[in-house]
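Content type PDB, C-alpha atoms, from the file run_11.pdb:
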ATOM      1  CA  MET P   1     -16.351  -1.660   2.352
ATOM      2  CA  ILE P   2     -13.569  -0.361   0.122
ATOM      3  CA  PHE P   3     -10.054  -1.790  -0.042
ATOM      4  CA  VAL P   4      -7.369   0.130  -1.936
ATOM      5  CA  VAL P   5      -4.519  -2.232  -2.805
ATOM      6  CA  GLY P   6      -1.478  -2.384  -5.067
ATOM      7  CA  ASN P   7       2.282  -2.426  -5.055
ATOM      8  CA  SER P   8       3.773   0.038  -2.562
ATOM      9  CA  ARG P   9       4.374   3.560  -3.951
ATOM     10  CA  SER P  10       1.733   3.090  -6.657
ATOM     11  CA  GLY P  11      -0.711   5.771  -5.535
ATOM     12  CA  THR P  12      -2.695   3.853  -2.908
ATOM     13  CA  THR P  13      -2.327   6.642  -0.336
ATOM     14  CA  MET P  14      -3.460   9.291  -2.808
ATOM     15  CA  MET P  15      -6.457   7.180  -3.760
ATOM     16  CA  GLY P  16      -7.296   6.728  -0.082
ATOM     17  CA  ARG P  17      -7.189  10.500   0.423
ATOM     18  CA  ILE P  18      -9.403  11.078  -2.609
ATOM     19  CA  LEU P  19     -12.043   8.634  -1.360
ATOM     20  CA  GLY P  20     -11.759  10.008   2.169
ATOM     21  CA  LYS P  21     -12.867  13.412   0.864
ATOM     22  CA  HIS P  22     -16.295  11.927   0.128
ATOM     23  CA  PRO P  23     -18.911  12.717   2.836
ATOM     24  CA  SER P  24     -19.722   9.001   3.217
ATOM     25  CA  VAL P  25     -16.230   7.460   3.149
ATOM     26  CA  TYR P  26     -13.813   7.236   6.056
ATOM     27  CA  THR P  27     -10.268   6.303   5.035
ATOM     28  CA  PHE P  28      -8.081   4.507   7.561
ATOM     29  CA  GLY P  29      -4.318   4.536   7.695
ATOM     30  CA  GLU P  30      -2.423   1.438   6.639
ATOM     31  CA  LEU P  31      -3.671  -1.166   9.117
ATOM     32  CA  HIS P  32      -1.843  -4.257   7.790
ATOM     33  CA  PHE P  33      -4.444  -6.567   9.262
ATOM     34  CA  PHE P  34      -3.968  -9.324   6.712
ATOM     35  CA  GLY P  35      -0.612 -11.046   7.011
ATOM     36  CA  GLN P  36       0.902  -8.944   9.790
ATOM     37  CA  LEU P  37      -1.690  -8.678  12.558
ATOM     38  CA  CYS P  38      -3.465 -11.868  11.562
ATOM     39  CA  THR P  39      -2.660 -14.907   9.443
ATOM     40  CA  PRO P  40      -4.939 -17.343   7.569
ATOM     41  CA  PRO P  41      -7.385 -18.840   8.122
ATOM     42  CA  PHE P  42      -9.102 -15.533   8.927
ATOM     43  CA  SER P  43     -12.399 -17.295   9.656
ATOM     44  CA  SER P  44     -11.021 -19.514  12.438
ATOM     45  CA  GLU P  45     -12.508 -19.247  15.938
ATOM     46  CA  LEU P  46     -11.293 -16.306  17.996
ATOM     47  CA  GLY P  47     -10.863 -16.399  21.776
ATOM     48  CA  GLU P  48     -11.737 -13.447  24.011
ATOM     49  CA  LYS P  49      -8.135 -12.662  25.001
ATOM     50  CA  THR P  50      -6.942 -12.872  21.396
ATOM     51  CA  ALA P  51      -9.805 -10.622  20.307
ATOM     52  CA  GLU P  52      -8.810  -7.991  22.868
ATOM     53  CA  GLU P  53      -5.165  -8.123  21.797
ATOM     54  CA  LEU P  54      -6.063  -7.868  18.111
ATOM     55  CA  ALA P  55      -8.428  -4.953  18.701
ATOM     56  CA  SER P  56      -5.714  -3.218  20.776
ATOM     57  CA  GLU P  57      -3.256  -3.545  17.894
ATOM     58  CA  LEU P  58      -5.781  -2.127  15.448
ATOM     59  CA  TYR P  59      -6.494   0.851  17.696
ATOM     60  CA  CYS P  60      -2.789   1.469  18.257
ATOM     61  CA  ILE P  61      -1.938   1.494  14.533
ATOM     62  CA  GLN P  62      -4.964   3.603  13.636
ATOM     63  CA  ARG P  63      -4.317   6.169  16.368
ATOM     64  CA  GLU P  64      -0.526   6.469  16.050
ATOM     65  CA  GLY P  65       0.303   5.321  12.505
ATOM     66  CA  TYR P  66       1.649   2.085  11.114
ATOM     67  CA  ARG P  67       5.266   3.221  10.996
ATOM     68  CA  THR P  68       5.234   5.314  14.173
ATOM     69  CA  HIS P  69       3.043   3.395  16.644
ATOM     70  CA  GLY P  70       4.183   2.250  20.079
ATOM     71  CA  ASN P  71       3.065  -0.487  22.477
ATOM     72  CA  SER P  72      -0.477  -1.627  21.719
ATOM     73  CA  ARG P  73      -1.196  -2.613  25.337
ATOM     74  CA  ARG P  74      -1.863   1.057  26.080
ATOM     75  CA  PHE P  75      -5.064   0.693  24.021
ATOM     76  CA  LEU P  76      -6.337  -2.425  25.782
ATOM     77  CA  GLY P  77      -8.995  -0.490  27.714
ATOM     78  CA  GLU P  78     -10.344   1.150  24.572
ATOM     79  CA  ALA P  79     -10.354  -2.203  22.813
ATOM     80  CA  GLN P  80     -12.273  -3.878  25.650
ATOM     81  CA  ALA P  81     -14.843  -1.072  25.694
ATOM     82  CA  PHE P  82     -15.301  -1.395  21.933
ATOM     83  CA  LEU P  83     -15.859  -5.162  22.156
ATOM     84  CA  GLU P  84     -18.308  -4.819  25.041
ATOM     85  CA  ARG P  85     -20.452  -2.354  23.094
ATOM     86  CA  LEU P  86     -20.911  -4.719  20.149
ATOM     87  CA  SER P  87     -24.330  -6.341  19.935
ATOM     88  CA  THR P  88     -22.678  -9.531  18.624
ATOM     89  CA  TYR P  89     -19.248 -10.492  19.918
ATOM     90  CA  PRO P  90     -16.917 -11.270  16.960
ATOM     91  CA  ASP P  91     -16.166 -14.976  16.774
ATOM     92  CA  THR P  92     -13.480 -14.723  14.066
ATOM     93  CA  SER P  93     -10.618 -12.342  13.303
ATOM     94  CA  ALA P  94     -12.329 -11.371  10.039
ATOM     95  CA  SER P  95     -15.565 -10.407  11.794
ATOM     96  CA  LEU P  96     -13.622  -8.441  14.426
ATOM     97  CA  PHE P  97     -11.831  -6.495  11.692
ATOM     98  CA  GLU P  98     -15.125  -5.726   9.975
ATOM     99  CA  ALA P  99     -16.692  -4.592  13.255
ATOM    100  CA  PHE P 100     -13.691  -2.370  13.988
ATOM    101  CA  LEU P 101     -13.822  -0.737  10.549
ATOM    102  CA  TYR P 102     -17.528   0.055  10.771
ATOM    103  CA  HIS P 103     -17.294   1.211  14.385
ATOM    104  CA  GLU P 104     -14.473   3.666  13.692
ATOM    105  CA  THR P 105     -16.216   4.860  10.534
ATOM    106  CA  ALA P 106     -19.408   5.569  12.489
ATOM    107  CA  GLU P 107     -17.386   7.351  15.204
ATOM    108  CA  ASN P 108     -16.212   9.720  12.468
ATOM    109  CA  ASN P 109     -19.799  10.311  11.273
ATOM    110  CA  LYS P 110     -19.394   8.366   8.049
ATOM    111  CA  THR P 111     -20.795   5.090   6.743
ATOM    112  CA  ILE P 112     -18.305   3.455   4.343
ATOM    113  CA  PRO P 113     -14.908   2.258   5.628
ATOM    114  CA  CYS P 114     -11.878   2.366   3.331
ATOM    115  CA  ASP P 115      -8.689   0.416   4.107
ATOM    116  CA  GLN P 116      -5.696   1.572   2.049
ATOM    117  CA  THR P 117      -3.058  -1.077   2.864
ATOM    118  CA  PRO P 118      -1.119  -1.772  -0.364
ATOM    119  CA  ARG P 119      -0.018  -5.251   0.733
ATOM    120  CA  ASN P 120      -3.628  -6.434   0.707
ATOM    121  CA  VAL P 121      -3.091  -7.001  -3.021
ATOM    122  CA  PHE P 122      -1.825 -10.431  -1.938
ATOM    123  CA  TYR P 123      -5.091 -11.107  -0.053
ATOM    124  CA  ILE P 124      -7.683 -10.166  -2.674
ATOM    125  CA  ALA P 125      -9.184 -13.661  -2.767
ATOM    126  CA  ASP P 126      -9.553 -13.683   1.037
ATOM    127  CA  ILE P 127     -11.192 -10.245   1.089
ATOM    128  CA  LEU P 128     -13.682 -11.151  -1.630
ATOM    129  CA  GLU P 129     -14.639 -14.350   0.170
ATOM    130  CA  LEU P 130     -14.843 -12.862   3.665
ATOM    131  CA  TYR P 131     -16.689  -9.645   2.771
ATOM    132  CA  PRO P 132     -19.377 -10.078   0.064
ATOM    133  CA  ASN P 133     -20.064  -6.315   0.043
ATOM    134  CA  ALA P 134     -16.400  -5.318  -0.444
ATOM    135  CA  ARG P 135     -15.105  -3.414  -3.459
ATOM    136  CA  ILE P 136     -11.391  -3.541  -4.284
ATOM    137  CA  ILE P 137      -9.489  -0.797  -6.105
ATOM    138  CA  ASN P 138      -6.092  -1.942  -7.347
ATOM    139  CA  MET P 139      -3.508   0.717  -8.219
ATOM    140  CA  ILE P 140      -0.908   0.120 -10.947
ATOM    141  CA  ARG P 141       2.060   2.387 -11.662
ATOM    142  CA  ASP P 142       4.992   2.307 -14.089
ATOM    143  CA  PRO P 143       7.563  -0.015 -12.439
ATOM    144  CA  ARG P 144      10.362   2.475 -13.126
ATOM    145  CA  ASP P 145       8.482   5.196 -11.251
ATOM    146  CA  VAL P 146       7.943   2.728  -8.409
ATOM    147  CA  LEU P 147      11.662   1.935  -8.454
ATOM    148  CA  LEU P 148      12.611   5.617  -8.229
ATOM    149  CA  SER P 149      10.085   6.236  -5.447
ATOM    150  CA  GLN P 150      11.325   3.244  -3.459
ATOM    151  CA  LYS P 151      14.929   4.319  -3.933
ATOM    152  CA  LYS P 152      14.182   7.767  -2.523
ATOM    153  CA  LYS P 153      11.665   6.628   0.075
ATOM    154  CA  TRP P 154      14.187   6.721   2.926
ATOM    155  CA  LYS P 155      14.356  10.512   2.426
ATOM    156  CA  ARG P 156      10.666  10.983   3.331
ATOM    157  CA  ARG P 157      11.847  12.010   6.804
ATOM    158  CA  PHE P 158      13.422  15.096   5.245
ATOM    159  CA  LEU P 159      10.655  15.900   2.731
ATOM    160  CA  GLY P 160       7.835  16.438   5.206
ATOM    161  CA  GLY P 161       7.588  13.124   7.036
ATOM    162  CA  SER P 162       9.367  14.604  10.056
ATOM    163  CA  ASP P 163       7.641  12.220  12.474
ATOM    164  CA  MET P 164       9.280   9.239  10.765
ATOM    165  CA  PRO P 165      11.551   7.340  13.175
ATOM    166  CA  MET P 166      15.161   6.989  12.036
ATOM    167  CA  LYS P 167      14.730   3.210  12.206
ATOM    168  CA  GLU P 168      12.038   3.401   9.524
ATOM    169  CA  SER P 169      14.260   5.503   7.261
ATOM    170  CA  LEU P 170      17.019   2.932   7.713
ATOM    171  CA  ARG P 171      14.547   0.138   6.957
ATOM    172  CA  ASP P 172      13.574   1.875   3.713
ATOM    173  CA  TRP P 173      17.230   2.202   2.725
ATOM    174  CA  VAL P 174      17.947  -1.459   3.479
ATOM    175  CA  ASN P 175      14.800  -2.600   1.650
ATOM    176  CA  TYR P 176      15.842  -0.959  -1.597
ATOM    177  CA  HIS P 177      17.525  -2.949  -4.315
ATOM    178  CA  PRO P 178      16.506  -2.784  -7.988
ATOM    179  CA  ILE P 179      16.144  -6.569  -8.240
ATOM    180  CA  THR P 180      14.016  -6.885  -5.084
ATOM    181  CA  ILE P 181      11.765  -3.920  -5.874
ATOM    182  CA  SER P 182      11.260  -5.029  -9.483
ATOM    183  CA  HIS P 183      10.424  -8.579  -8.454
ATOM    184  CA  ILE P 184       7.881  -7.459  -5.837
ATOM    185  CA  TRP P 185       6.218  -5.159  -8.417
ATOM    186  CA  ARG P 186       5.899  -8.159 -10.713
ATOM    187  CA  THR P 187       4.375 -10.409  -8.048
ATOM    188  CA  ALA P 188       1.978  -7.677  -6.885
ATOM    189  CA  VAL P 189       0.719  -6.929 -10.395
ATOM    190  CA  ASN P 190       0.420 -10.636 -11.138
ATOM    191  CA  ALA P 191      -1.578 -11.131  -7.933
ATOM    192  CA  ALA P 192      -4.105  -8.469  -8.971
ATOM    193  CA  ASP P 193      -4.239  -9.559 -12.614
ATOM    194  CA  ARG P 194      -5.858 -12.822 -11.530
ATOM    195  CA  PHE P 195      -8.982 -10.777 -10.747
ATOM    196  CA  LEU P 196      -9.110  -8.533 -13.832
ATOM    197  CA  GLN P 197     -12.519  -9.912 -14.786
ATOM    198  CA  HIS P 198     -14.027  -9.899 -11.291
ATOM    199  CA  ASP P 199     -16.993  -7.562 -10.950
ATOM    200  CA  ARG P 200     -15.904  -6.354  -7.495
ATOM    201  CA  VAL P 201     -12.318  -5.544  -8.468
ATOM    202  CA  VAL P 202     -11.129  -2.659 -10.642
ATOM    203  CA  SER P 203      -7.570  -1.700 -11.613
ATOM    204  CA  ILE P 204      -6.612   1.966 -11.979
ATOM    205  CA  TYR P 205      -3.447   3.227 -13.603
ATOM    206  CA  PHE P 206      -1.756   5.914 -11.521
ATOM    207  CA  GLU P 207      -0.835   7.813 -14.683
ATOM    208  CA  GLU P 208      -4.470   7.820 -15.818
ATOM    209  CA  LEU P 209      -5.554   9.179 -12.444
ATOM    210  CA  LEU P 210      -3.057  12.048 -12.741
ATOM    211  CA  THR P 211      -3.873  12.845 -16.378
ATOM    212  CA  HIS P 212      -7.665  12.492 -16.212
ATOM    213  CA  PRO P 213      -8.575  12.819 -12.518
ATOM    214  CA  HIS P 214     -12.208  13.882 -12.975
ATOM    215  CA  LYS P 215     -13.063  11.074 -15.379
ATOM    216  CA  THR P 216     -11.152   8.437 -13.387
ATOM    217  CA  VAL P 217     -12.586   9.317  -9.980
ATOM    218  CA  LYS P 218     -16.129   9.673 -11.339
ATOM    219  CA  SER P 219     -15.852   6.165 -12.790
ATOM    220  CA  LEU P 220     -14.593   4.890  -9.429
ATOM    221  CA  CYS P 221     -17.514   6.482  -7.633
ATOM    222  CA  ASP P 222     -19.880   4.591  -9.927
ATOM    223  CA  PHE P 223     -17.948   1.401  -9.147
ATOM    224  CA  VAL P 224     -18.340   1.777  -5.363
ATOM    225  CA  CYS P 225     -21.871   3.220  -5.648
ATOM    226  CA  ILE P 226     -21.262   6.697  -4.274
ATOM    227  CA  THR P 227     -21.952  10.108  -5.809
ATOM    228  CA  TYR P 228     -18.978  11.988  -7.236
ATOM    229  CA  THR P 229     -18.130  15.428  -5.835
ATOM    230  CA  ASP P 230     -15.450  17.864  -7.057
ATOM    231  CA  GLU P 231     -14.232  18.132  -3.471
ATOM    232  CA  MET P 232     -12.765  14.630  -3.807
ATOM    233  CA  LEU P 233      -9.974  15.946  -6.039
ATOM    234  CA  GLN P 234      -8.870  18.582  -3.527
ATOM    235  CA  VAL P 235      -6.231  16.466  -1.805
ATOM    236  CA  PRO P 236      -2.981  17.893  -0.373
ATOM    237  CA  GLN P 237       0.163  17.314  -2.422
ATOM    238  CA  VAL P 238       2.118  15.341   0.147
ATOM    239  CA  GLY P 239       3.777  11.948   0.444
ATOM    240  CA  SER P 240       6.086  12.065  -2.572
ATOM    241  CA  SER P 241       9.557  10.512  -2.342
ATOM    242  CA  VAL P 242      11.048  12.932  -4.889
ATOM    243  CA  ALA P 243       9.593  16.300  -3.835
ATOM    244  CA  GLU P 244       8.899  18.168  -0.607
ATOM    245  CA  ASP P 245       5.397  18.066   0.868
ATOM    246  CA  GLN P 246       3.129  20.990  -0.025
ATOM    247  CA  PRO P 247       0.105  20.469   2.248
ATOM    248  CA  GLN P 248      -1.286  23.904   1.393
ATOM    249  CA  GLN P 249      -1.299  23.003  -2.311
ATOM    250  CA  LEU P 250      -4.517  21.112  -3.135
ATOM    251  CA  GLY P 251      -5.350  19.091  -6.227
ATOM    252  CA  ILE P 252      -3.903  16.338  -8.396
ATOM    253  CA  ASN P 253      -0.383  17.077  -9.649
ATOM    254  CA  PRO P 254       0.013  15.614 -13.173
ATOM    255  CA  ARG P 255       3.796  16.116 -13.056
ATOM    256  CA  ARG P 256       4.160  13.122 -10.755
ATOM    257  CA  ALA P 257       3.651  10.817 -13.741
ATOM    258  CA  HIS P 258       6.794   9.477 -15.453
ATOM    259  CA  SER P 259       9.106  10.940 -12.802
ATOM    260  CA  TRP P 260      11.692   8.262 -13.579
ATOM    261  CA  HIS P 261      12.110   9.585 -17.112
ATOM    262  CA  SER P 262      12.487  13.228 -16.139
ATOM    263  CA  ASN P 263      15.003  12.256 -13.455
ATOM    264  CA  ALA P 264      16.958   9.760 -15.570
ATOM    265  CA  THR P 265      19.273  12.403 -17.034
ATOM    266  CA  SER P 266      20.230  13.587 -13.539
ATOM    267  CA  GLY P 267      21.223  10.069 -12.527
ATOM    268  CA  GLU P 268      18.423   9.436 -10.017
ATOM    269  CA  LEU P 269      18.116   5.974 -11.587
ATOM    270  CA  SER P 270      21.254   4.504 -13.133
ATOM    271  CA  SER P 271      21.272   2.752 -16.482
ATOM    272  CA  ALA P 272      21.873  -0.531 -14.636
ATOM    273  CA  GLU P 273      18.826  -0.008 -12.398
ATOM    274  CA  ILE P 274      16.577   0.773 -15.363
ATOM    275  CA  TYR P 275      17.983  -2.217 -17.265
ATOM    276  CA  LEU P 276      17.371  -4.647 -14.382
ATOM    277  CA  ASN P 277      13.893  -3.265 -13.762
ATOM    278  CA  GLN P 278      12.825  -3.550 -17.391
ATOM    279  CA  MET P 279      14.315  -7.029 -17.729
ATOM    280  CA  ILE P 280      12.454  -8.389 -14.672
ATOM    281  CA  THR P 281       9.128  -6.693 -15.408
ATOM    282  CA  ALA P 282       9.219  -6.931 -19.227
ATOM    283  CA  ALA P 283       6.212  -9.211 -19.755
ATOM    284  CA  LEU P 284       3.898  -7.269 -17.456
ATOM    285  CA  MET P 285       5.130  -3.915 -18.759
ATOM    286  CA  LYS P 286       4.041  -5.013 -22.213
ATOM    287  CA  LYS P 287       0.717  -6.321 -20.931
ATOM    288  CA  HIS P 288      -0.054  -3.016 -19.185
ATOM    289  CA  ASN P 289       1.243  -0.793 -22.001
ATOM    290  CA  TYR P 290       4.359   0.567 -20.309
ATOM    291  CA  MET P 291       6.895   1.091 -23.097
ATOM    292  CA  PRO P 292      10.495   0.036 -22.362
ATOM    293  CA  THR P 293      13.329   2.391 -23.182
ATOM    294  CA  SER P 294      16.513   1.365 -24.928
ATOM    295  CA  VAL P 295      19.279   1.342 -22.327
ATOM    296  CA  ARG P 296      22.829   0.051 -22.227
ATOM    297  CA  PRO P 297      23.768  -0.665 -18.602
ATOM    298  CA  ASN P 298      27.036   0.421 -17.113
ATOM    299  CA  ILE P 299      28.879  -2.863 -16.565
ATOM    300  CA  ALA P 300      30.524  -1.801 -13.306
ATOM    301  CA  SER P 301      27.199  -0.615 -11.874
ATOM    302  CA  LEU P 302      25.405  -3.761 -13.064
ATOM    303  CA  THR P 303      28.070  -5.968 -11.462
ATOM    304  CA  PHE P 304      27.786  -3.999  -8.226
ATOM    305  CA  HIS P 305      23.999  -4.526  -8.053
ATOM    306  CA  LEU P 306      24.344  -8.235  -8.797
ATOM    307  CA  LEU P 307      26.999  -8.718  -6.126
ATOM    308  CA  THR P 308      25.162  -6.708  -3.456
ATOM    309  CA  PHE P 309      21.808  -8.352  -4.075
ATOM    310  CA  PRO P 310      22.261 -11.283  -1.619
ATOM    311  CA  VAL P 311      23.503  -8.896   1.083
ATOM    312  CA  LYS P 312      20.641  -6.428   0.626
ATOM    313  CA  LEU P 313      18.098  -9.255   0.431
ATOM    314  CA  GLY P 314      19.352 -10.758   3.688
ATOM    315  CA  GLY P 315      19.336  -7.375   5.378
ATOM    316  CA  ALA P 316      15.778  -6.664   4.210
ATOM    317  CA  PHE P 317      14.628 -10.034   5.528
ATOM    318  CA  LEU P 318      16.109  -9.382   8.986
ATOM    319  CA  PHE P 319      14.796  -5.805   9.132
ATOM    320  CA  ASN P 320      11.266  -6.949   8.315
ATOM    321  CA  LEU P 321      10.931  -9.987  10.583
ATOM    322  CA  ASP P 322       8.731  -7.938  12.922
ATOM    323  CA  ARG P 323       6.298  -7.326  10.037
ATOM    324  CA  MET P 324       5.666 -10.997   9.339
ATOM    325  CA  LYS P 325       3.260 -12.835  11.617
ATOM    326  CA  ASN P 326       3.946 -16.036   9.681
ATOM    327  CA  ILE P 327       7.209 -15.930   7.734
ATOM    328  CA  ARG P 328       6.455 -18.891   5.486
ATOM    329  CA  GLU P 329       2.967 -17.596   4.606
ATOM    330  CA  THR P 330       4.243 -14.074   3.877
ATOM    331  CA  LEU P 331       7.087 -15.239   1.631
ATOM    332  CA  LYS P 332       4.758 -17.644  -0.171
ATOM    333  CA  ARG P 333       2.354 -14.842  -1.094
ATOM    334  CA  ARG P 334       4.928 -12.192  -1.913
ATOM    335  CA  ILE P 335       7.561 -14.293  -3.683
TER     336      ILE P 335
END
Is it possible to give me this structure as structure tokens?
Amino acid sequence: MIFVVGNSRSGTTMMGRILGKHPSVYTFGELHFFGQLCTPPFSSELGEKTAEELASELYCIQREGYRTHGNSRRFLGEAQAFLERLSTYPDTSASLFEAFLYHETAENNKTIPCDQTPRNVFYIADILELYPNARIINMIRDPRDVLLSQKKKWKRRFLGGSDMPMKESLRDWVNYHPITISHIWRTAVNAADRFLQHDRVVSIYFEELLTHPHKTVKSLCDFVCITYTDEMLQVPQVGSSVAEDQPQQLGINPRRAHSWHSNATSGELSSAEIYLNQMITAALMKKHNYMPTSVRPNIASLTFHLLTFPVKLGGAFLFNLDRMKNIRETLKRRI
């Protein structure tokens, strides 16, 4: 089993697409099993009704997309049929999730499931304990590039993500604030850094993947024990927050690295945003060799961001209540 994790907008989707090009790997959409569909302890006993509901939610998200799915009860029949076909009925949520991943992978004529939910970076310890055969790939990206991508994320609807509901675009706009985004990057990178020496966890820099794709992906294939193929690099250039989708254009686009710097002169990120980001992430930027730039923040803009922070934070909390199965547990892991 492969889990691709990392801070949001750090290249997890691209990595999932790359792995999904392998003849043995089936890449799922973002399932958000840990923390949203199910809360710890993941090895607690699971009742039949709860199992059916959980399987229905997994089918719904996988079939219709995490950000676009509807009512999961429409998949109850499919979920029941799936559970009935299992030789051993899952007695825990973790075993049900594993069974679902392998079943769907086999249905697509592949053998290795790959979950690409970024937020699983906060559940690395759980994954390693629950699934002894799991391999975890953690993606790291320059926090200023993440900031720019998050700032522009609400525009995905107009850059090729035409199926994105307006509510999701509004959620992305509300979620953005330089202090919030910078803090979450710091907690996500810190969460993964605890496992830097673990033999089943590897961290990949997004910039390294773009600059040396062949070398990086070949090394990853060795890590997950699969054979590298050149076809894995032929992924469509879609999903960016700063450029229109080009699904007909295949391959790794090296120009996506350091987008924040090339866009700084055009005002995509203000001096105050860059200043706040570098101040909050300074220690980890140094640890991961991201060089800070000298910047003098505009005082009016800096004051504006400081004053609006409580409002934006409150709005983000309210907009994301439906994504937290257990509010206290989610905040504890992410903050």
Notebook entry, point to check: So which residues get picked by the PyMOL selection byres ((chain P and resi 187-196) around 12) here, written as a ChimeraX atom specification?
Noted result: /P:4-10,118-125,128,136-143,180-186,197-205,280-281,283-285,287-288,331-335
Next item on the list: In the coordinates of the file, take the point (-17.9, 19.7, -5.9) and a cut-off of 12 Å; then, counting all atoms listed in the file, name each qualifying protein, DNA or RNA residue as a VMD selection string.
Entry: chain P and resid 21 to 23 214 218 227 to 234
Output C-alpha atoms for every residue in that selection, as a PDB file, in the coordinates of the input.
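Writing done, so here's out_36.pdb:
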ATOM      1  CA  LYS P  21     -12.867  13.412   0.864  1.00  0.00           C
ATOM      2  CA  HIS P  22     -16.295  11.927   0.128  1.00  0.00           C
ATOM      3  CA  PRO P  23     -18.911  12.717   2.836  1.00  0.00           C
ATOM      4  CA  HIS P 214     -12.208  13.882 -12.975  1.00  0.00           C
ATOM      5  CA  LYS P 218     -16.129   9.673 -11.339  1.00  0.00           C
ATOM      6  CA  THR P 227     -21.952  10.108  -5.809  1.00  0.00           C
ATOM      7  CA  TYR P 228     -18.978  11.988  -7.236  1.00  0.00           C
ATOM      8  CA  THR P 229     -18.130  15.428  -5.835  1.00  0.00           C
ATOM      9  CA  ASP P 230     -15.450  17.864  -7.057  1.00  0.00           C
ATOM     10  CA  GLU P 231     -14.232  18.132  -3.471  1.00  0.00           C
ATOM     11  CA  MET P 232     -12.765  14.630  -3.807  1.00  0.00           C
ATOM     12  CA  LEU P 233      -9.974  15.946  -6.039  1.00  0.00           C
ATOM     13  CA  GLN P 234      -8.870  18.582  -3.527  1.00  0.00           C
TER      14      GLN P 234
END
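Here the question is which of P:Arg171, P:Arg144, P:Arg17, P:Arg73 gets nearest to Ala316 in chain P using only C-alpha atoms, and that residue is P:Arg171.
Across the model, the gap from CA of Cys60 in chain P to CA of Ser149 in chain P is 27.4 Å.
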Item checked: Expansion of the PyMOL selection byres ((chain P and resi 305) around 9) into residues, as a PyMOL selection string -> chain P and resi 177-179+272-273+300-304+306-309
Item checked: Answer key for the PyMOL selection byres ((chain P and resi 30-47) around 8), residues as a PyMOL selection string -> chain P and resi 28-29+48-51+54+57-58+61-62+65-66+90-95+97+115-120+123+130+323-326+329-330
Margin query: Between CA of Cys225 in chain P and CA of Asn253 in chain P, what distance in Å does the model show, to one decimal?
Written below: 25.9 Å
With N, CA and C atoms retained, output range 310-324 of chain P as a short mmCIF file (atom, residue, chain, number, x, y, z; two decimals), in the first residue's frame.
data_model
loop_
_atom_site.label_atom_id
_atom_site.label_comp_id
_atom_site.auth_asym_id
_atom_site.auth_seq_id
_atom_site.Cartn_x
_atom_site.Cartn_y
_atom_site.Cartn_z
N PRO P 310 -8.29 37.10 12.73
CA PRO P 310 -9.33 36.45 13.54
C PRO P 310 -10.63 36.21 12.76
N VAL P 311 -10.98 37.16 11.89
CA VAL P 311 -12.21 37.01 11.10
C VAL P 311 -12.08 35.86 10.12
N LYS P 312 -10.96 35.82 9.38
CA LYS P 312 -10.75 34.76 8.41
C LYS P 312 -10.63 33.39 9.10
N LEU P 313 -9.98 33.37 10.26
CA LEU P 313 -9.82 32.11 10.98
C LEU P 313 -11.18 31.58 11.44
N GLY P 314 -12.02 32.46 11.95
CA GLY P 314 -13.36 32.06 12.37
C GLY P 314 -14.20 31.58 11.20
N GLY P 315 -14.09 32.29 10.08
CA GLY P 315 -14.83 31.88 8.89
C GLY P 315 -14.38 30.53 8.37
N ALA P 316 -13.06 30.29 8.37
CA ALA P 316 -12.53 29.00 7.92
C ALA P 316 -13.01 27.87 8.83
N PHE P 317 -13.04 28.13 10.11
CA PHE P 317 -13.51 27.11 11.07
C PHE P 317 -14.96 26.73 10.77
N LEU P 318 -15.82 27.72 10.58
CA LEU P 318 -17.24 27.45 10.32
C LEU P 318 -17.44 26.75 8.97
N PHE P 319 -16.68 27.16 7.96
CA PHE P 319 -16.82 26.58 6.63
C PHE P 319 -16.35 25.13 6.57
N ASN P 320 -15.51 24.74 7.53
CA ASN P 320 -14.92 23.40 7.48
C ASN P 320 -15.43 22.47 8.58
N LEU P 321 -16.49 22.86 9.27
CA LEU P 321 -17.06 22.00 10.31
C LEU P 321 -17.49 20.65 9.75
N ASP P 322 -18.00 20.66 8.50
CA ASP P 322 -18.47 19.41 7.90
C ASP P 322 -17.33 18.48 7.52
N ARG P 323 -16.08 18.96 7.61
CA ARG P 323 -14.92 18.13 7.26
C ARG P 323 -14.22 17.59 8.50
N MET P 324 -14.81 17.80 9.66
CA MET P 324 -14.18 17.35 10.89
C MET P 324 -15.12 16.41 11.64
#
